[in-house]
$ cat run_28.tsv   # TSV, C-alpha atoms
chain	number	residue	atom	x	y	z
A	16	MET	CA	-6.39	-11.17	12.98
A	17	SER	CA	-5.77	-9.97	9.44
A	18	ILE	CA	-2.64	-10.67	7.48
A	19	SER	CA	-1.09	-7.85	5.46
A	20	TYR	CA	0.74	-8.76	2.29
A	21	PRO	CA	3.27	-6.52	0.56
A	22	ILE	CA	1.93	-4.65	-2.45
A	23	PRO	CA	3.32	-6.34	-5.56
A	24	GLU	CA	5.15	-4.38	-8.23
A	25	ILE	CA	2.95	-3.79	-11.22
A	26	GLU	CA	2.91	-1.81	-14.43
A	27	ILE	CA	-0.17	-0.13	-15.87
A	28	ALA	CA	0.02	0.60	-19.58
A	29	PRO	CA	-2.16	1.46	-22.55
A	30	LEU	CA	-3.08	-1.40	-24.85
A	31	PRO	CA	-3.52	-0.56	-28.52
A	32	LYS	CA	-6.79	-2.00	-29.82
A	33	SER	CA	-4.77	-3.74	-32.52
A	34	ASP	CA	-3.15	-5.79	-29.70
A	35	ARG	CA	-6.44	-6.96	-28.14
A	36	ALA	CA	-5.47	-10.61	-28.61
A	37	ALA	CA	-2.94	-10.10	-25.80
A	38	VAL	CA	-5.76	-10.12	-23.20
A	39	LEU	CA	-7.84	-13.03	-24.47
A	40	HIS	CA	-6.28	-15.36	-21.89
A	41	ILE	CA	-7.95	-13.43	-19.04
A	42	THR	CA	-10.66	-15.44	-17.32
A	43	LEU	CA	-12.83	-14.61	-14.34
A	44	PRO	CA	-14.15	-16.89	-11.61
A	45	PRO	CA	-17.72	-18.02	-12.41
A	46	ASP	CA	-19.29	-15.76	-9.76
A	47	GLN	CA	-17.68	-12.67	-11.33
A	48	LYS	CA	-18.60	-13.27	-14.97
A	49	ILE	CA	-22.01	-11.61	-14.64
A	50	PHE	CA	-20.31	-8.41	-13.48
A	51	GLY	CA	-17.08	-8.43	-15.51
A	52	GLY	CA	-18.31	-9.52	-18.88
A	53	ASP	CA	-16.52	-11.71	-21.38
A	54	ILE	CA	-13.00	-10.61	-22.32
A	55	ALA	CA	-13.51	-11.49	-26.00
A	56	VAL	CA	-16.56	-9.22	-26.14
A	57	GLU	CA	-15.05	-6.43	-24.01
A	58	SER	CA	-11.82	-6.33	-25.99
A	59	ALA	CA	-13.75	-6.11	-29.27
A	60	ASP	CA	-15.08	-2.67	-28.28
A	61	ASP	CA	-14.39	-0.34	-31.21
A	62	ASP	CA	-15.78	2.82	-29.59
A	63	PRO	CA	-13.31	5.59	-30.52
A	64	GLU	CA	-13.93	7.25	-27.11
A	65	THR	CA	-12.85	4.11	-25.21
A	66	ASP	CA	-9.23	3.25	-24.47
A	67	PHE	CA	-7.82	-0.10	-23.35
A	68	HIS	CA	-5.30	-0.52	-20.53
A	69	VAL	CA	-3.54	-3.50	-19.00
A	70	LEU	CA	-2.07	-4.42	-15.66
A	71	ARG	CA	1.20	-6.32	-15.88
A	72	HIS	CA	2.75	-8.31	-13.08
A	73	ALA	CA	5.92	-10.39	-13.30
A	74	GLY	CA	6.17	-9.61	-17.02
A	75	ARG	CA	2.69	-10.95	-17.79
A	76	ILE	CA	-0.64	-9.28	-18.46
A	77	ALA	CA	-2.75	-10.03	-15.41
A	78	GLY	CA	-5.56	-7.50	-15.85
A	79	PHE	CA	-7.52	-5.38	-18.26
A	80	PHE	CA	-9.73	-2.32	-18.00
A	81	LYS	CA	-11.29	0.29	-20.23
A	82	ILE	CA	-11.40	4.05	-19.81
A	83	GLU	CA	-14.28	5.88	-21.45
A	84	ARG	CA	-13.24	9.42	-22.26
A	85	ALA	CA	-16.85	10.45	-22.99
A	86	TYR	CA	-18.29	8.99	-19.77
A	87	GLY	CA	-19.48	12.37	-18.47
A	88	ALA	CA	-21.32	13.03	-21.73
A	89	ARG	CA	-22.94	9.59	-21.72
A	90	TYR	CA	-24.10	9.35	-18.10
A	91	ASP	CA	-25.97	12.20	-16.45
A	92	PHE	CA	-24.62	11.39	-12.97
A	93	ALA	CA	-21.02	12.20	-14.01
A	94	PRO	CA	-19.87	15.72	-14.91
A	95	GLU	CA	-18.86	16.68	-18.43
A	96	GLY	CA	-15.21	15.76	-19.03
A	97	ALA	CA	-15.18	12.96	-16.46
A	98	LEU	CA	-13.58	9.64	-17.29
A	99	GLY	CA	-15.27	6.29	-16.69
A	100	LEU	CA	-13.60	3.09	-15.54
A	101	ARG	CA	-15.26	0.13	-17.24
A	102	MET	CA	-14.92	-3.65	-17.20
A	103	LEU	CA	-11.98	-4.06	-14.84
A	104	GLN	CA	-10.88	-7.67	-14.93
A	105	ILE	CA	-8.06	-9.33	-13.04
A	106	GLU	CA	-7.15	-12.82	-14.21
A	107	ALA	CA	-8.66	-15.48	-11.91
A	108	SER	CA	-5.28	-17.07	-11.20
A	109	ALA	CA	-3.84	-13.66	-10.20
A	110	GLN	CA	-6.62	-12.71	-7.79
A	111	GLY	CA	-5.98	-12.62	-4.06
A	112	LYS	CA	-2.35	-11.59	-4.51
A	113	GLY	CA	-2.72	-7.85	-3.92
A	114	LEU	CA	-2.81	-6.84	-7.59
A	115	GLY	CA	-6.09	-4.94	-7.19
A	116	LYS	CA	-4.67	-3.08	-4.20
A	117	ALA	CA	-1.53	-2.26	-6.19
A	118	LEU	CA	-3.59	-1.13	-9.18
A	119	PHE	CA	-5.68	1.24	-7.09
A	120	ALA	CA	-2.60	2.63	-5.36
A	121	GLU	CA	-1.15	3.64	-8.75
A	122	LEU	CA	-4.32	4.34	-10.74
A	123	PRO	CA	-4.91	8.00	-9.71
A	124	ASP	CA	-1.42	9.08	-10.82
A	125	TYR	CA	-1.59	6.92	-13.94
A	126	LEU	CA	-4.92	8.42	-15.00
A	127	SER	CA	-3.72	11.96	-14.26
A	128	ALA	CA	-0.63	11.43	-16.40
A	129	THR	CA	-2.52	9.69	-19.21
A	130	TYR	CA	-5.53	12.04	-19.20
A	131	PRO	CA	-4.17	15.36	-17.86
A	132	ARG	CA	-7.39	17.30	-18.51
A	133	ALA	CA	-9.56	14.94	-16.46
A	134	ALA	CA	-10.36	15.84	-12.85
A	135	GLU	CA	-12.44	12.78	-11.95
A	136	CYS	CA	-13.01	9.16	-12.87
A	137	TRP	CA	-16.37	7.47	-12.27
A	138	LEU	CA	-17.61	3.90	-12.22
A	139	THR	CA	-20.61	1.85	-11.30
A	140	VAL	CA	-20.40	-1.39	-9.34
A	141	ASN	CA	-23.23	-3.84	-9.00
A	142	CYS	CA	-25.03	-3.87	-5.65
A	143	ARG	CA	-24.68	-7.67	-5.64
A	144	ASN	CA	-20.89	-7.36	-5.84
A	145	PRO	CA	-19.90	-6.13	-2.35
A	146	ARG	CA	-16.36	-7.50	-2.68
A	147	ALA	CA	-15.63	-5.26	-5.67
A	148	ARG	CA	-17.27	-2.29	-3.95
A	149	HIS	CA	-15.01	-2.85	-0.93
A	150	VAL	CA	-11.92	-2.98	-3.17
A	151	TYR	CA	-12.90	0.33	-4.76
A	152	LEU	CA	-13.60	1.99	-1.41
A	153	THR	CA	-10.26	0.90	0.04
A	154	GLY	CA	-8.63	2.08	-3.19
A	155	GLY	CA	-9.74	5.67	-2.64
A	156	TRP	CA	-13.05	5.72	-4.51
A	157	GLU	CA	-16.02	7.46	-2.91
A	158	ASP	CA	-19.52	5.99	-2.99
A	159	THR	CA	-21.82	8.88	-3.95
A	160	GLY	CA	-24.78	7.25	-2.20
A	161	GLU	CA	-26.72	7.19	-5.48
A	162	LEU	CA	-27.67	4.20	-7.59
A	163	TYR	CA	-27.55	3.67	-11.34
A	164	LEU	CA	-30.65	1.64	-12.20
A	165	ASP	CA	-29.99	0.83	-15.86
A	166	GLY	CA	-27.25	-1.76	-15.33
A	167	GLY	CA	-27.70	-5.01	-17.21
A	168	ALA	CA	-27.23	-7.11	-14.05
A	169	GLY	CA	-29.25	-4.89	-11.70
A	170	PRO	CA	-28.78	-1.69	-9.65
A	171	GLN	CA	-25.27	-0.34	-9.25
A	172	HIS	CA	-23.52	1.92	-6.77
A	173	ILE	CA	-22.16	5.10	-8.37
A	174	MET	CA	-18.59	5.83	-7.31
A	175	ARG	CA	-16.02	8.48	-8.15
A	176	LEU	CA	-12.32	9.09	-7.76
A	177	ILE	CA	-10.89	12.60	-7.63
A	178	LEU	CA	-7.68	12.63	-9.65
A	179	PRO	CA	-4.57	14.42	-8.43
A	180	ARG	CA	-3.67	17.60	-10.26
A	181	ARG	CA	-0.55	17.48	-12.39
A	182	ALA	CA	1.97	20.29	-12.04
$ encode --input "run_28.tsv" --output "structure tokens"
Amino acid sequence: MSISYPIPEIEIAPLPKSDRAAVLHITLPPDQKIFGGDIAVESADDDPETDFHVLRHAGRIAGFFKIERAYGARYDFAPEGALGLRMLQIEASAQGKGLGKALFAELPDYLSATYPRAAECWLTVNCRNPRARHVYLTGGWEDTGELYLDGGAGPQHIMRLILPRRA
């Protein structure tokens, strides 16, 4: 028997790079660090084609992710103009409370509104991280059936999300 929890109310918002200190409290469980990276390193990314975003819950930043606007130009498996979701991290103490489910319920509309020219968002998820892959699949992402072999922690599933069209 599975228990269904209500989806918590969240807010997804851009994070100016000048405010990167606001996410330094985010920690990951030890078994996720190899996949999620270190928040101090990830939030120091100065790539002008990469934007920062946060997930807020109960008035507090509980998650962080990056969107690469040049993802399709950088990775040959994604089409030109595609976005890339990178380094999604949900604070260890906030995990297991439905925040990931809430994020993925709102993410397609958020990305469409924030990046109106984008039709797709892509990501890679490590083959040794089946829990994250499951979260993405239940959140509407499609596994392309292909692998990206140049990941720092080993082979990764290539996944995509078709974004809704804005009127």
$ closest_residue --input "run_28.tsv" --among "A:Asp61, A:Asp158, A:Ala77, A:Arg89" --to "A:Gly113" --atoms "only C-alpha atoms"
A:Ala77
$ residues_around --input "run_28.tsv" --residues "A:Arg75" --least-positions-apart "6" --cutoff "10 Å" --atoms "only C-alpha atoms" --output "ChimeraX atom specification"
/A:25-26,37,69
$ residues_around --input "run_28.tsv" --residues "A:Asp165" --least-positions-apart "3" --cutoff "12 Å" --atoms "only C-alpha atoms" --output "list in words"
Tyr90, Thr139, Val140, Asn141, Leu162, Ala168, Gly169, Pro170, Gln171, His172 and Ile173 of chain A
$ closest_atom_pairs --input "run_28.tsv" --of "stretch 20-139 of chain A" --to "stretch 174-180 of chain A" --cutoff "8 Å" --atoms "only C-alpha atoms" --output "JSON lines"
{"residue": "A:Pro123", "atom": "CA", "partner": "A:Leu178", "partner_atom": "CA", "distance": 5.4}
{"residue": "A:Asp124", "atom": "CA", "partner": "A:Pro179", "partner_atom": "CA", "distance": 6.6}
{"residue": "A:Leu126", "atom": "CA", "partner": "A:Leu178", "partner_atom": "CA", "distance": 7.3}
{"residue": "A:Ser127", "atom": "CA", "partner": "A:Leu178", "partner_atom": "CA", "distance": 6.1}
{"residue": "A:Pro131", "atom": "CA", "partner": "A:Arg180", "partner_atom": "CA", "distance": 7.9}
{"residue": "A:Ala133", "atom": "CA", "partner": "A:Leu178", "partner_atom": "CA", "distance": 7.4}
{"residue": "A:Ala134", "atom": "CA", "partner": "A:Leu178", "partner_atom": "CA", "distance": 5.3}
{"residue": "A:Glu135", "atom": "CA", "partner": "A:Ile177", "partner_atom": "CA", "distance": 4.6}
{"residue": "A:Cys136", "atom": "CA", "partner": "A:Leu176", "partner_atom": "CA", "distance": 5.2}
{"residue": "A:Trp137", "atom": "CA", "partner": "A:Arg175", "partner_atom": "CA", "distance": 4.3}
{"residue": "A:Leu138", "atom": "CA", "partner": "A:Met174", "partner_atom": "CA", "distance": 5.4}
{"residue": "A:Thr139", "atom": "CA", "partner": "A:Met174", "partner_atom": "CA", "distance": 6.0}
$ write_last_selection --input "run_28.tsv" --atoms "C-alpha atoms" --output "PDB file, keeping the file's coordinate frame"
ATOM      1  CA  PRO A 123      -4.910   8.000  -9.710  1.00  0.00           C
ATOM      2  CA  ASP A 124      -1.420   9.080 -10.820  1.00  0.00           C
ATOM      3  CA  LEU A 126      -4.920   8.420 -15.000  1.00  0.00           C
ATOM      4  CA  SER A 127      -3.720  11.960 -14.260  1.00  0.00           C
ATOM      5  CA  PRO A 131      -4.170  15.360 -17.860  1.00  0.00           C
ATOM      6  CA  ALA A 133      -9.560  14.940 -16.460  1.00  0.00           C
ATOM      7  CA  ALA A 134     -10.360  15.840 -12.850  1.00  0.00           C
ATOM      8  CA  GLU A 135     -12.440  12.780 -11.950  1.00  0.00           C
ATOM      9  CA  CYS A 136     -13.010   9.160 -12.870  1.00  0.00           C
ATOM     10  CA  TRP A 137     -16.370   7.470 -12.270  1.00  0.00           C
ATOM     11  CA  LEU A 138     -17.610   3.900 -12.220  1.00  0.00           C
ATOM     12  CA  THR A 139     -20.610   1.850 -11.300  1.00  0.00           C
TER      13      THR A 139
END
$ atom_distance --input "run_28.tsv" --atom1 "atom CA of A:Arg143" --atom2 "atom CA of A:Leu39"
25.8 Å
$ residues_around --input "run_28.tsv" --residues "A:Asp62" --least-positions-apart "3" --cutoff "12 Å" --atoms "all atoms listed in the file" --output "PyMOL selection string"
chain A and resi 32+57-59+65-67+81-86
$ write_last_selection --input "run_28.tsv" --atoms "C-alpha atoms" --output "CSV table (one decimal), in the frame of the given file"
chain,number,residue,atom,x,y,z
A,32,LYS,CA,-6.8,-2.0,-29.8
A,57,GLU,CA,-15.0,-6.4,-24.0
A,58,SER,CA,-11.8,-6.3,-26.0
A,59,ALA,CA,-13.8,-6.1,-29.3
A,65,THR,CA,-12.8,4.1,-25.2
A,66,ASP,CA,-9.2,3.2,-24.5
A,67,PHE,CA,-7.8,-0.1,-23.4
A,81,LYS,CA,-11.3,0.3,-20.2
A,82,ILE,CA,-11.4,4.0,-19.8
A,83,GLU,CA,-14.3,5.9,-21.4
A,84,ARG,CA,-13.2,9.4,-22.3
A,85,ALA,CA,-16.8,10.4,-23.0
A,86,TYR,CA,-18.3,9.0,-19.8
$ residues_near_point --input "run_28.tsv" --point "(-8.4, -12.2, -15.3)" --cutoff "10 Å" --atoms "only C-alpha atoms" --output "JSON list (two decimals) with C-alpha atoms, in the frame of the given file"
[["chain", "number", "residue", "atom", "x", "y", "z"],
["A", 38, "VAL", "CA", -5.76, -10.12, -23.20],
["A", 39, "LEU", "CA", -7.84, -13.03, -24.47],
["A", 40, "HIS", "CA", -6.28, -15.36, -21.89],
["A", 41, "ILE", "CA", -7.95, -13.43, -19.04],
["A", 42, "THR", "CA", -10.66, -15.44, -17.32],
["A", 43, "LEU", "CA", -12.83, -14.61, -14.34],
["A", 44, "PRO", "CA", -14.15, -16.89, -11.61],
["A", 51, "GLY", "CA", -17.08, -8.43, -15.51],
["A", 54, "ILE", "CA", -13.00, -10.61, -22.32],
["A", 76, "ILE", "CA", -0.64, -9.28, -18.46],
["A", 77, "ALA", "CA", -2.75, -10.03, -15.41],
["A", 78, "GLY", "CA", -5.56, -7.50, -15.85],
["A", 79, "PHE", "CA", -7.52, -5.38, -18.26],
["A", 103, "LEU", "CA", -11.98, -4.06, -14.84],
["A", 104, "GLN", "CA", -10.88, -7.67, -14.93],
["A", 105, "ILE", "CA", -8.06, -9.33, -13.04],
["A", 106, "GLU", "CA", -7.15, -12.82, -14.21],
["A", 107, "ALA", "CA", -8.66, -15.48, -11.91],
["A", 108, "SER", "CA", -5.28, -17.07, -11.20],
["A", 109, "ALA", "CA", -3.84, -13.66, -10.20],
["A", 110, "GLN", "CA", -6.62, -12.71, -7.79]]
$ closest_residue --input "run_28.tsv" --among "A:Arg35, A:His72, A:Glu157, A:Asp60" --to "A:Lys112" --atoms "only C-alpha atoms"
A:His72
$ residues_around --input "run_28.tsv" --residues "A:Arg146" --least-positions-apart "5" --cutoff "12 Å" --atoms "only C-alpha atoms" --output "PyMOL selection string"
chain A and resi 46-47+50+111+115+140-141+151-153
$ atom_distance --input "run_28.tsv" --atom1 "atom CA of A:Phe119" --atom2 "atom CA of A:Gly87"
21.1 Å
$ closest_residue --input "run_28.tsv" --among "A:Leu114, A:Gly99, A:Glu121, A:Pro63" --to "A:Ala28" --atoms "only C-alpha atoms"
A:Glu121
$ axis_aligned_box --input "run_28.tsv" --around "stretch 25-36 of chain A" --padding-each-side "6 Å" --output "lines of an AutoDock Vina configuration file"
center_x = -1.9
center_y = -4.6
center_z = -21.9
size_x = 21.7
size_y = 24.1
size_z = 33.3
$ closest_residue --input "run_28.tsv" --among "A:Ala147, A:Leu164, A:Ala88, A:Ala117" --to "A:Pro23" --atoms "all atoms listed in the file"
A:Ala117
$ atom_distance --input "run_28.tsv" --atom1 "atom CA of A:Ile27" --atom2 "atom CA of A:Asp53"
20.8 Å
